[in-house]
file run23.tsv (TSV, C-alpha atoms)
chain	number	residue	atom	x	y	z
A	1	MET	CA	57.37	6.64	51.94
A	2	ASN	CA	61.02	6.80	50.87
A	3	LEU	CA	62.49	4.81	48.00
A	4	ALA	CA	64.16	2.20	50.24
A	5	ALA	CA	60.92	1.48	52.08
A	6	ALA	CA	59.04	1.17	48.80
A	7	ASN	CA	61.64	-1.27	47.47
A	8	ASN	CA	61.44	-3.36	50.62
A	9	GLU	CA	57.65	-3.49	50.37
A	10	SER	CA	57.89	-4.57	46.74
A	11	LEU	CA	60.36	-7.30	47.71
A	12	ALA	CA	58.02	-8.51	50.45
A	13	GLU	CA	55.15	-8.74	47.96
A	14	PHE	CA	57.38	-10.58	45.50
A	15	SER	CA	58.33	-12.98	48.28
A	16	ASN	CA	54.63	-13.74	48.80
A	17	VAL	CA	54.23	-14.41	45.07
A	18	LEU	CA	57.13	-16.85	45.19
A	19	ILE	CA	55.67	-18.70	48.18
A	20	TYR	CA	52.31	-19.08	46.42
A	21	SER	CA	54.10	-20.19	43.25
A	22	ALA	CA	56.00	-22.80	45.25
A	23	MET	CA	52.69	-24.07	46.64
A	24	ALA	CA	51.37	-24.47	43.10
A	25	VAL	CA	54.43	-26.49	42.05
A	26	TYR	CA	54.26	-28.58	45.24
A	27	THR	CA	50.65	-29.36	44.31
A	28	LEU	CA	51.80	-30.69	40.94
A	29	ALA	CA	54.49	-32.73	42.72
A	30	PHE	CA	51.82	-34.12	45.05
A	31	LEU	CA	49.74	-35.25	42.07
A	32	ALA	CA	52.80	-36.82	40.45
A	33	HIS	CA	53.57	-38.74	43.65
A	34	ILE	CA	49.97	-39.95	43.72
A	35	ALA	CA	50.39	-41.12	40.12
A	36	GLU	CA	53.61	-42.91	41.08
A	37	TRP	CA	51.82	-44.88	43.79
A	38	THR	CA	48.72	-45.43	41.66
A	39	PHE	CA	50.28	-46.56	38.38
A	40	GLY	CA	53.42	-48.15	39.79
A	41	SER	CA	53.39	-51.93	40.11
A	42	ARG	CA	52.90	-53.29	43.60
A	43	SER	CA	53.60	-56.86	42.68
A	44	LYS	CA	57.38	-57.00	42.38
A	45	VAL	CA	57.80	-58.17	45.96
A	46	ALA	CA	55.07	-60.75	45.47
A	47	ARG	CA	56.70	-61.97	42.25
A	48	THR	CA	60.06	-62.23	43.99
A	49	ALA	CA	58.58	-64.16	46.88
A	50	ALA	CA	56.78	-66.49	44.48
A	51	ALA	CA	60.01	-67.10	42.61
A	52	LEU	CA	61.81	-67.95	45.82
A	53	THR	CA	59.20	-70.52	46.75
A	54	ALA	CA	58.58	-72.03	43.34
A	55	ASP	CA	59.23	-75.67	42.64
A	56	GLY	CA	58.99	-76.95	46.12
A	57	GLY	CA	60.37	-73.94	47.93
A	58	SER	CA	63.42	-73.21	45.82
A	59	ALA	CA	64.07	-71.19	42.70
A	60	ALA	CA	67.82	-71.53	42.80
A	61	PRO	CA	69.35	-73.15	39.73
A	62	GLU	CA	70.78	-76.59	39.94
A	63	VAL	CA	74.46	-76.62	40.78
A	64	ARG	CA	76.97	-78.55	38.71
A	65	VAL	CA	80.38	-79.31	40.19
A	66	ALA	CA	83.42	-80.67	38.42
A	67	ARG	CA	84.58	-84.20	39.16
A	68	LYS	CA	88.04	-85.56	38.96
A	69	GLY	CA	88.45	-87.16	35.56
A	70	GLY	CA	86.49	-84.52	33.69
A	71	GLY	CA	82.92	-85.48	34.60
A	72	THR	CA	80.29	-83.40	36.38
A	73	ALA	CA	77.80	-84.16	39.09
A	74	VAL	CA	74.40	-82.49	39.49
A	75	LEU	CA	73.58	-81.52	43.03
A	76	GLU	CA	70.14	-80.78	44.39
A	77	ARG	CA	69.15	-77.14	44.45
A	78	PRO	CA	69.52	-75.66	47.92
A	79	THR	CA	66.44	-74.78	49.88
A	80	VAL	CA	65.94	-71.06	50.44
A	81	VAL	CA	65.96	-70.35	54.15
A	82	THR	CA	64.66	-67.09	55.63
A	83	ARG	CA	66.72	-66.19	58.67
A	84	ALA	CA	65.44	-64.01	61.47
A	85	ALA	CA	67.52	-62.51	64.23
A	86	VAL	CA	66.13	-62.15	67.71
A	87	GLY	CA	63.48	-59.43	67.61
A	88	ALA	CA	63.93	-58.83	63.88
A	89	ARG	CA	63.05	-60.43	60.55
A	90	ASP	CA	65.30	-60.92	57.58
A	91	VAL	CA	62.95	-59.24	55.10
A	92	PRO	CA	64.09	-57.50	51.90
A	93	ASP	CA	63.18	-53.89	51.27
A	94	GLY	CA	60.21	-53.22	49.06
A	95	PRO	CA	60.72	-51.85	45.55
A	96	GLY	CA	59.55	-48.33	46.43
A	97	ALA	CA	56.49	-46.36	45.39
A	98	ALA	CA	57.07	-47.13	41.70
A	99	GLY	CA	57.18	-50.84	42.50
A	100	GLY	CA	59.91	-51.47	39.97
A	101	ASP	CA	57.50	-50.43	37.21
A	102	GLN	CA	58.80	-48.22	34.39
A	103	GLN	CA	55.67	-46.08	34.23
A	104	GLY	CA	55.61	-45.62	37.98
A	105	ASP	CA	59.28	-44.71	37.99
A	106	MET	CA	58.64	-42.07	35.33
A	107	TYR	CA	55.96	-40.43	37.50
A	108	GLY	CA	58.29	-40.66	40.49
A	109	ARG	CA	61.07	-38.88	38.63
A	110	ILE	CA	58.64	-36.18	37.55
A	111	ALA	CA	57.52	-35.80	41.18
A	112	VAL	CA	61.10	-35.42	42.41
A	113	SER	CA	61.88	-32.90	39.65
A	114	LEU	CA	58.80	-30.83	40.54
A	115	THR	CA	59.71	-31.04	44.24
A	116	ALA	CA	63.20	-29.74	43.46
A	117	LEU	CA	61.73	-26.89	41.38
A	118	ALA	CA	59.29	-25.98	44.17
A	119	PHE	CA	62.16	-26.05	46.65
A	120	LEU	CA	64.15	-23.56	44.58
A	121	VAL	CA	61.14	-21.25	44.22
A	122	GLU	CA	60.33	-21.43	47.94
A	123	ALA	CA	63.97	-20.88	48.88
A	124	ALA	CA	63.98	-17.80	46.65
A	125	GLY	CA	60.87	-16.58	48.49
A	126	VAL	CA	62.58	-17.02	51.86
A	127	VAL	CA	65.71	-15.19	50.68
A	128	THR	CA	63.61	-12.38	49.18
A	129	ARG	CA	61.77	-12.01	52.49
A	130	ALA	CA	65.14	-11.73	54.26
A	131	VAL	CA	66.32	-9.04	51.86
A	132	SER	CA	63.09	-7.09	52.26
A	133	VAL	CA	63.46	-6.89	56.05
A	134	GLN	CA	67.28	-6.94	56.07
A	135	ARG	CA	67.47	-9.58	58.79
A	136	ALA	CA	67.18	-13.32	59.29
A	137	PRO	CA	63.92	-14.56	57.68
A	138	TRP	CA	62.58	-16.31	60.78
A	139	GLY	CA	61.46	-13.56	63.12
A	140	ASN	CA	57.83	-14.75	63.40
A	141	MET	CA	55.78	-17.91	62.93
A	142	TYR	CA	55.05	-17.24	59.26
A	143	GLU	CA	58.73	-16.86	58.44
A	144	PHE	CA	59.67	-19.83	60.62
A	145	SER	CA	57.09	-22.04	58.86
A	146	THR	CA	58.22	-21.16	55.34
A	147	THR	CA	61.86	-21.64	56.26
A	148	PHE	CA	61.09	-24.89	58.08
A	149	SER	CA	59.39	-26.47	55.06
A	150	THR	CA	62.21	-25.27	52.79
A	151	VAL	CA	64.83	-26.93	55.00
A	152	ALA	CA	62.78	-30.15	55.29
A	153	VAL	CA	62.53	-30.46	51.50
A	154	GLY	CA	66.19	-29.54	51.17
A	155	ALA	CA	67.16	-32.34	53.58
A	156	TYR	CA	65.04	-34.81	51.60
A	157	LEU	CA	66.66	-33.77	48.32
A	158	GLY	CA	70.05	-34.00	49.99
A	159	PHE	CA	69.40	-37.64	50.86
A	160	LEU	CA	68.40	-38.29	47.25
A	161	LEU	CA	71.58	-36.63	45.96
A	162	ALA	CA	73.53	-38.87	48.33
A	163	ARG	CA	71.80	-41.81	46.58
A	164	ARG	CA	69.84	-42.87	49.62
A	165	ASN	CA	66.66	-44.83	48.98
A	166	VAL	CA	64.25	-42.29	50.47
A	167	ARG	CA	61.86	-41.53	47.61
A	168	TRP	CA	59.13	-43.17	49.68
A	169	ILE	CA	59.20	-40.05	51.89
A	170	GLY	CA	58.17	-37.88	48.94
A	171	LEU	CA	54.39	-38.18	49.21
A	172	PRO	CA	54.05	-37.60	53.00
A	173	LEU	CA	56.68	-34.84	52.80
A	174	VAL	CA	54.99	-32.87	50.01
A	175	THR	CA	51.60	-33.35	51.70
A	176	THR	CA	52.95	-31.95	54.97
A	177	VAL	CA	54.70	-29.06	53.22
A	178	LEU	CA	51.45	-28.04	51.52
A	179	LEU	CA	49.67	-28.18	54.88
A	180	ASP	CA	52.44	-26.18	56.54
A	181	LEU	CA	52.44	-23.48	53.87
A	182	GLY	CA	48.65	-23.39	53.78
A	183	ILE	CA	48.54	-22.67	57.51
A	184	ALA	CA	51.37	-20.15	57.14
A	185	VAL	CA	49.76	-18.03	54.41
A	186	THR	CA	46.25	-18.11	55.91
A	187	TRP	CA	46.50	-18.05	59.71
A	188	LEU	CA	50.12	-17.23	60.50
A	189	TYR	CA	50.88	-14.56	57.92
A	190	THR	CA	52.57	-11.47	59.33
A	191	GLU	CA	53.63	-8.40	57.40
A	192	SER	CA	57.38	-7.99	57.09
A	193	ASP	CA	58.68	-5.73	59.82
A	194	GLN	CA	61.66	-5.15	62.04
A	195	LEU	CA	62.03	-7.02	65.31
A	196	VAL	CA	62.00	-5.92	68.90
A	197	PRO	CA	65.41	-4.96	70.34
A	198	ALA	CA	65.79	-8.29	72.15
A	199	LEU	CA	65.99	-10.09	68.81
A	200	HIS	CA	68.66	-7.85	67.30
A	201	SER	CA	71.50	-10.25	67.95
A	202	TYR	CA	73.73	-12.57	65.94
A	203	TRP	CA	72.25	-15.34	68.12
A	204	LEU	CA	69.08	-15.04	66.03
A	205	TRP	CA	71.02	-16.49	63.11
A	206	ILE	CA	72.62	-19.21	65.23
A	207	HIS	CA	69.90	-20.30	67.66
A	208	VAL	CA	66.82	-20.16	65.41
A	209	SER	CA	68.55	-21.57	62.33
A	210	THR	CA	69.71	-24.64	64.25
A	211	ALA	CA	66.23	-25.05	65.74
A	212	ILE	CA	64.72	-25.00	62.23
A	213	PHE	CA	67.24	-27.53	60.92
A	214	CYS	CA	66.71	-29.84	63.90
A	215	GLY	CA	62.94	-29.70	63.51
A	216	ALA	CA	63.15	-30.46	59.79
A	217	VAL	CA	65.33	-33.52	60.35
A	218	PHE	CA	63.27	-34.64	63.34
A	219	TYR	CA	60.26	-34.48	61.01
A	220	LEU	CA	61.89	-36.89	58.54
A	221	GLY	CA	62.67	-39.19	61.43
A	222	ALA	CA	59.06	-39.02	62.62
A	223	VAL	CA	57.76	-39.97	59.15
A	224	ALA	CA	60.13	-42.95	59.02
A	225	THR	CA	59.11	-43.97	62.56
A	226	LEU	CA	55.40	-43.83	61.77
A	227	LEU	CA	55.86	-45.86	58.59
A	228	TYR	CA	57.98	-48.32	60.56
A	229	LEU	CA	55.07	-49.00	62.91
A	230	PHE	CA	52.72	-49.71	60.00
A	231	ARG	CA	55.25	-51.85	58.14
A	232	ASP	CA	56.15	-53.77	61.33
A	233	SER	CA	52.48	-54.59	61.94
A	234	TYR	CA	52.18	-55.70	58.31
A	235	GLU	CA	55.19	-58.02	58.59
A	236	ASN	CA	53.95	-59.41	61.90
A	237	LYS	CA	50.61	-60.21	60.33
A	238	LEU	CA	52.28	-62.07	57.47
A	239	VAL	CA	54.55	-64.01	59.84
A	240	ASN	CA	51.55	-65.06	61.91
A	241	GLY	CA	49.71	-66.35	58.86
A	242	GLY	CA	47.38	-63.38	58.48
A	243	SER	CA	46.16	-61.96	55.21
A	244	PRO	CA	46.45	-58.15	54.96
A	245	GLY	CA	43.92	-56.29	52.86
A	246	SER	CA	44.59	-55.20	49.31
A	247	PHE	CA	45.22	-51.57	50.33
A	248	ALA	CA	47.77	-52.62	52.94
A	249	ARG	CA	49.56	-54.79	50.41
A	250	SER	CA	49.46	-52.05	47.79
A	251	VAL	CA	51.15	-49.50	50.06
A	252	LEU	CA	53.13	-51.35	52.71
A	253	GLU	CA	54.52	-54.01	50.38
A	254	ARG	CA	56.46	-51.31	48.53
A	255	LEU	CA	58.04	-49.67	51.58
A	256	PRO	CA	61.48	-50.56	52.93
A	257	ALA	CA	61.52	-53.38	55.48
A	258	ALA	CA	60.59	-52.47	59.04
A	259	ALA	CA	64.21	-52.96	60.12
A	260	SER	CA	65.41	-50.52	57.43
A	261	LEU	CA	62.86	-47.87	58.42
A	262	ASP	CA	63.73	-48.29	62.08
A	263	LYS	CA	67.45	-47.95	61.36
A	264	PHE	CA	66.93	-44.86	59.19
A	265	ALA	CA	64.84	-43.12	61.85
A	266	TYR	CA	67.33	-43.95	64.58
A	267	ARG	CA	70.35	-42.75	62.63
A	268	ILE	CA	68.97	-39.34	61.72
A	269	ASN	CA	67.49	-38.74	65.20
A	270	ALA	CA	70.78	-39.71	66.80
A	271	ALA	CA	72.74	-37.54	64.37
A	272	VAL	CA	70.69	-34.39	65.00
A	273	PHE	CA	70.28	-34.81	68.77
A	274	PRO	CA	73.64	-33.16	69.60
A	275	LEU	CA	72.65	-30.19	67.46
A	276	TRP	CA	69.37	-29.90	69.38
A	277	THR	CA	71.42	-29.88	72.58
A	278	PHE	CA	73.46	-27.03	71.13
A	279	THR	CA	70.23	-25.22	70.20
A	280	ILE	CA	69.10	-25.19	73.82
A	281	ILE	CA	72.52	-24.06	75.04
A	282	ALA	CA	72.61	-21.29	72.42
A	283	GLY	CA	69.15	-20.16	73.48
A	284	ALA	CA	70.27	-19.99	77.10
A	285	ILE	CA	73.29	-17.88	76.17
A	286	TRP	CA	71.08	-15.56	74.10
A	287	ALA	CA	68.63	-15.27	77.01
A	288	GLY	CA	71.52	-14.24	79.24
A	289	ASP	CA	72.45	-11.48	76.80
A	290	ALA	CA	68.86	-10.31	76.20
A	291	TRP	CA	67.24	-10.69	79.64
A	292	GLY	CA	70.13	-11.02	82.04
A	293	ARG	CA	69.42	-14.64	82.99
A	294	TYR	CA	70.21	-17.94	81.28
A	295	TRP	CA	67.15	-19.88	82.39
A	296	GLY	CA	63.83	-18.58	83.64
A	297	TRP	CA	61.43	-21.53	83.27
A	298	ASP	CA	59.63	-19.75	80.46
A	299	ALA	CA	57.18	-22.01	78.61
A	300	LYS	CA	59.34	-22.12	75.46
A	301	GLU	CA	62.41	-23.00	77.50
A	302	VAL	CA	60.58	-25.69	79.44
A	303	TRP	CA	59.13	-27.38	76.35
A	304	SER	CA	62.46	-27.23	74.55
A	305	PHE	CA	63.96	-29.09	77.50
A	306	ILE	CA	61.04	-31.55	77.57
A	307	THR	CA	61.68	-32.26	73.88
A	308	TRP	CA	65.35	-32.83	74.65
A	309	VAL	CA	64.48	-35.23	77.48
A	310	ALA	CA	62.05	-37.14	75.23
A	311	TYR	CA	64.64	-37.64	72.48
A	312	ALA	CA	67.25	-38.59	75.09
A	313	ALA	CA	64.80	-41.19	76.41
A	314	TYR	CA	64.34	-42.50	72.88
A	315	LEU	CA	68.07	-42.89	72.33
A	316	HIS	CA	68.39	-44.59	75.71
A	317	ALA	CA	65.49	-46.91	74.87
A	318	ARG	CA	67.23	-47.89	71.65
A	319	ALA	CA	70.21	-49.02	73.72
A	320	THR	CA	68.02	-51.03	76.10
A	321	ALA	CA	67.13	-54.54	74.95
A	322	GLY	CA	63.58	-54.56	76.26
A	323	TRP	CA	62.69	-51.21	74.73
A	324	LYS	CA	63.95	-51.57	71.18
A	325	GLY	CA	61.53	-51.61	68.30
A	326	ARG	CA	57.95	-50.45	68.77
A	327	LYS	CA	58.34	-49.14	72.31
A	328	ALA	CA	61.23	-46.92	71.30
A	329	ALA	CA	59.28	-45.81	68.23
A	330	TYR	CA	56.39	-44.63	70.40
A	331	ILE	CA	58.82	-42.55	72.45
A	332	ALA	CA	60.23	-41.01	69.25
A	333	LEU	CA	56.75	-39.95	68.12
A	334	ILE	CA	56.01	-38.49	71.56
A	335	ALA	CA	59.27	-36.54	71.33
A	336	PHE	CA	58.32	-35.08	67.96
A	337	ALA	CA	54.85	-34.25	69.31
A	338	CYS	CA	56.62	-32.28	72.06
A	339	PHE	CA	58.55	-30.38	69.39
A	340	LEU	CA	55.33	-29.54	67.54
A	341	PHE	CA	53.63	-28.36	70.73
A	342	ASN	CA	56.67	-26.27	71.55
A	343	TYR	CA	56.22	-24.52	68.22
A	344	TYR	CA	52.45	-24.27	67.71
A	345	GLY	CA	51.02	-24.78	71.19
A	346	VAL	CA	53.36	-22.53	73.15
A	347	ASN	CA	53.39	-19.77	70.53
A	348	LEU	CA	49.61	-19.69	70.06
A	349	PHE	CA	48.10	-20.67	73.39
A	350	VAL	CA	50.64	-20.04	76.15
A	351	ASN	CA	51.74	-16.68	77.51
A	352	SER	CA	55.49	-16.71	76.97
A	353	LEU	CA	58.37	-14.28	76.77
A	354	HIS	CA	59.06	-15.81	73.39
A	355	GLY	CA	55.76	-14.44	72.09
A	356	TYR	CA	57.30	-11.05	71.34
A	357	ALA	CA	57.56	-11.76	67.63
A	358	GLY	CA	53.80	-12.06	67.27
A	359	VAL	CA	52.08	-14.74	65.25

call {"tool": "encode", "arguments": {"input": "run23.tsv", "output": "structure tokens"}}
result
Amino acid sequence: MNLAAANNESLAEFSNVLIYSAMAVYTLAFLAHIAEWTFGSRSKVARTAAALTADGGSAAPEVRVARKGGGTAVLERPTVVTRAAVGARDVPDGPGAAGGDQQGDMYGRIAVSLTALAFLVEAAGVVTRAVSVQRAPWGNMYEFSTTFSTVAVGAYLGFLLARRNVRWIGLPLVTTVLLDLGIAVTWLYTESDQLVPALHSYWLWIHVSTAIFCGAVFYLGAVATLLYLFRDSYENKLVNGGSPGSFARSVLERLPAAASLDKFAYRINAAVFPLWTFTIIAGAIWAGDAWGRYWGWDAKEVWSFITWVAYAAYLHARATAGWKGRKAAYIALIAFACFLFNYYGVNLFVNSLHGYAGV
């Protein structure tokens, strides 16, 4: 074994150490997020609602207006009215996982800090893997999975840096990342190696990197969509005079309003959809260079197109009055399920030309 090969092998082993280290830090972040939800107050929304309905349905202060001649007149306090648009409710966002509690916020900040540290360690592991094989670090399912989770966490941290109220994604995100990395290091792990000739193309950097980014953002949209369905059911139950259980109140009361979750999911899905369109086009161009044809109805190509159709249907449903809300949300989850099957199902269980990279 020459010196270069030995160095590359050492780098590959160091990459594995970094990935396992990132998993350890993600585990600490997971525990901190649990502490944020556990010790954070869940009663801020309830206190606010009670204040709004106190003293006969109004907590607004009495209003004094000046009279001509220097006197004042005391007017009755206005009644608080909750307005609801057609198909939506005028409901304020919840206070977040910390619930407006100082102790909960402290745990939340620790969780975000640990998540950022784990992201840096995992990103270093991905870069080290790339250096060890001297190519893009997504030539097989193991490399795709580690890069995917890195990009997903990076997108989440990017929203936080942009001062978006998305800390409620932290717990499901870190949980999913741990699951993703656990599957990657146990069942999907592949030794670092060079790729088959068909993959030696600059399109590997373009096509696969955009696919990873799209999947990571689609994942965030799927989390928001799923939480929207739970929060919408919670709000409907309250509107109809129901009494949700203590667990539902503890969790769902602290989330953003259903309308906010729905809007967040729609915006990021709509923003990334053109990039997914480009991903499919780039893959077709690469297929033309590698195999001499742009489209061959290969399983990976078919399911990529099915995913595109599903997200197009979701965006169309959002623009159709009768399909807004829950119906459109179901389509969005089906679309993300198509993306997951395209990755796991096609690669593991379907005979495809795209299976050349191995597991």

call {"tool": "atom_distance", "arguments": {"input": "run23.tsv", "atom1": "atom CA of A:Thr146", "atom2": "atom CA of A:Leu120"}}
result
12.5 Å

call {"tool": "closest_residue", "arguments": {"input": "run23.tsv", "among": "A:Asn347, A:Glu301, A:Trp323, A:Pro244", "to": "A:Met141", "atoms": "only C-alpha atoms"}}
result
A:Asn347

call {"tool": "atom_distance", "arguments": {"input": "run23.tsv", "atom1": "atom CA of A:Ala211", "atom2": "atom CA of A:Glu9"}}
result
27.8 Å

call {"tool": "atom_distance", "arguments": {"input": "run23.tsv", "atom1": "atom CA of A:Lys324", "atom2": "atom CA of A:Trp308"}}
result
19.1 Å

call {"tool": "residues_around", "arguments": {"input": "run23.tsv", "residues": "stretch 175-180 of chain A", "least_positions_apart": "5", "cutoff": "7 Å", "atoms": "only C-alpha atoms", "output": "PyMOL selection string"}}
result
chain A and resi 23+26+30+145+149

call {"tool": "closest_residue", "arguments": {"input": "run23.tsv", "among": "A:Phe341, A:Trp168, A:Trp276, A:Tyr234", "to": "A:Phe213", "atoms": "all atoms listed in the file"}}
result
A:Trp276

call {"tool": "closest_residue", "arguments": {"input": "run23.tsv", "among": "A:Thr150, A:Ser304, A:Thr320, A:Ser233", "to": "A:Phe339", "atoms": "only C-alpha atoms"}}
result
A:Ser304

call {"tool": "closest_atom_pairs", "arguments": {"input": "run23.tsv", "of": "stretch 187-303 of chain A", "to": "stretch 325-338 of chain A", "cutoff": "12 Å", "atoms": "all atoms listed in the file", "output": "CSV"}}
result
residue,atom,partner,partner_atom,distance
A:Cys214,CA,A:Phe336,CA,10.7
A:Gly215,CA,A:Phe336,CA,8.4
A:Ala216,CA,A:Phe336,CA,10.6
A:Val217,CA,A:Phe336,CA,10.5
A:Phe218,CA,A:Phe336,CA,6.8
A:Tyr219,CA,A:Phe336,CA,7.2
A:Leu220,CA,A:Phe336,CA,10.2
A:Gly221,CA,A:Ala332,CA,8.4
A:Ala222,CA,A:Leu333,CA,6.0
A:Val223,CA,A:Leu333,CA,9.0
A:Ala224,CA,A:Ala329,CA,9.7
A:Thr225,CA,A:Ala329,CA,6.0
A:Leu226,CA,A:Leu333,CA,7.6
A:Leu227,CA,A:Ala329,CA,10.2
A:Tyr228,CA,A:Ala329,CA,8.2
A:Leu229,CA,A:Arg326,CA,6.7
A:Phe230,CA,A:Arg326,CA,10.2
A:Arg231,CA,A:Arg326,CA,11.1
A:Asp232,CA,A:Arg326,CA,8.3
A:Ser233,CA,A:Arg326,CA,9.7
A:Asn236,CA,A:Arg326,CA,12.0
A:Ala258,CA,A:Gly325,CA,9.3
A:Ala259,CA,A:Gly325,CA,8.7
A:Ser260,CA,A:Gly325,CA,11.6
A:Leu261,CA,A:Ala329,CA,10.6
A:Asp262,CA,A:Gly325,CA,7.4
A:Lys263,CA,A:Gly325,CA,9.8
A:Phe264,CA,A:Ala329,CA,11.9
A:Ala265,CA,A:Ala329,CA,8.9
A:Tyr266,CA,A:Ala332,CA,9.0
A:Ile268,CA,A:Ala332,CA,11.7
A:Asn269,CA,A:Ala332,CA,8.6
A:Ala270,CA,A:Ala332,CA,10.9
A:Phe273,CA,A:Ala335,CA,11.4
A:Lys300,CA,A:Cys338,CA,11.1
A:Val302,CA,A:Cys338,CA,10.7
A:Trp303,CA,A:Cys338,CA,7.0

call {"tool": "closest_residue", "arguments": {"input": "run23.tsv", "among": "A:Phe349, A:Tyr202, A:Tyr107, A:Tyr142", "to": "A:Ile19", "atoms": "only C-alpha atoms"}}
result
A:Tyr142

call {"tool": "closest_residue", "arguments": {"input": "run23.tsv", "among": "A:Gln103, A:Ser201, A:Thr27, A:Ser41", "to": "A:Arg249", "atoms": "only C-alpha atoms"}}
result
A:Ser41

call {"tool": "closest_residue", "arguments": {"input": "run23.tsv", "among": "A:Glu36, A:Asp298, A:Asp289, A:Glu13", "to": "A:His200", "atoms": "all atoms listed in the file"}}
result
A:Asp289

call {"tool": "residues_near_point", "arguments": {"input": "run23.tsv", "point": "(66.6, -45.2, 49.9)", "cutoff": "12 Å", "atoms": "all atoms listed in the file", "output": "PyMOL selection string"}}
result
chain A and resi 93-97+156-170+224+254-257+260-261+263-264

call {"tool": "residues_around", "arguments": {"input": "run23.tsv", "residues": "A:Ala284", "least_positions_apart": "2", "cutoff": "9 Å", "atoms": "only C-alpha atoms", "output": "list in words"}}
result
Thr279, Ile280, Ile281, Ala282, Trp286, Ala287, Gly288, Asp289, Arg293, Tyr294, Trp295 and Glu301 of chain A
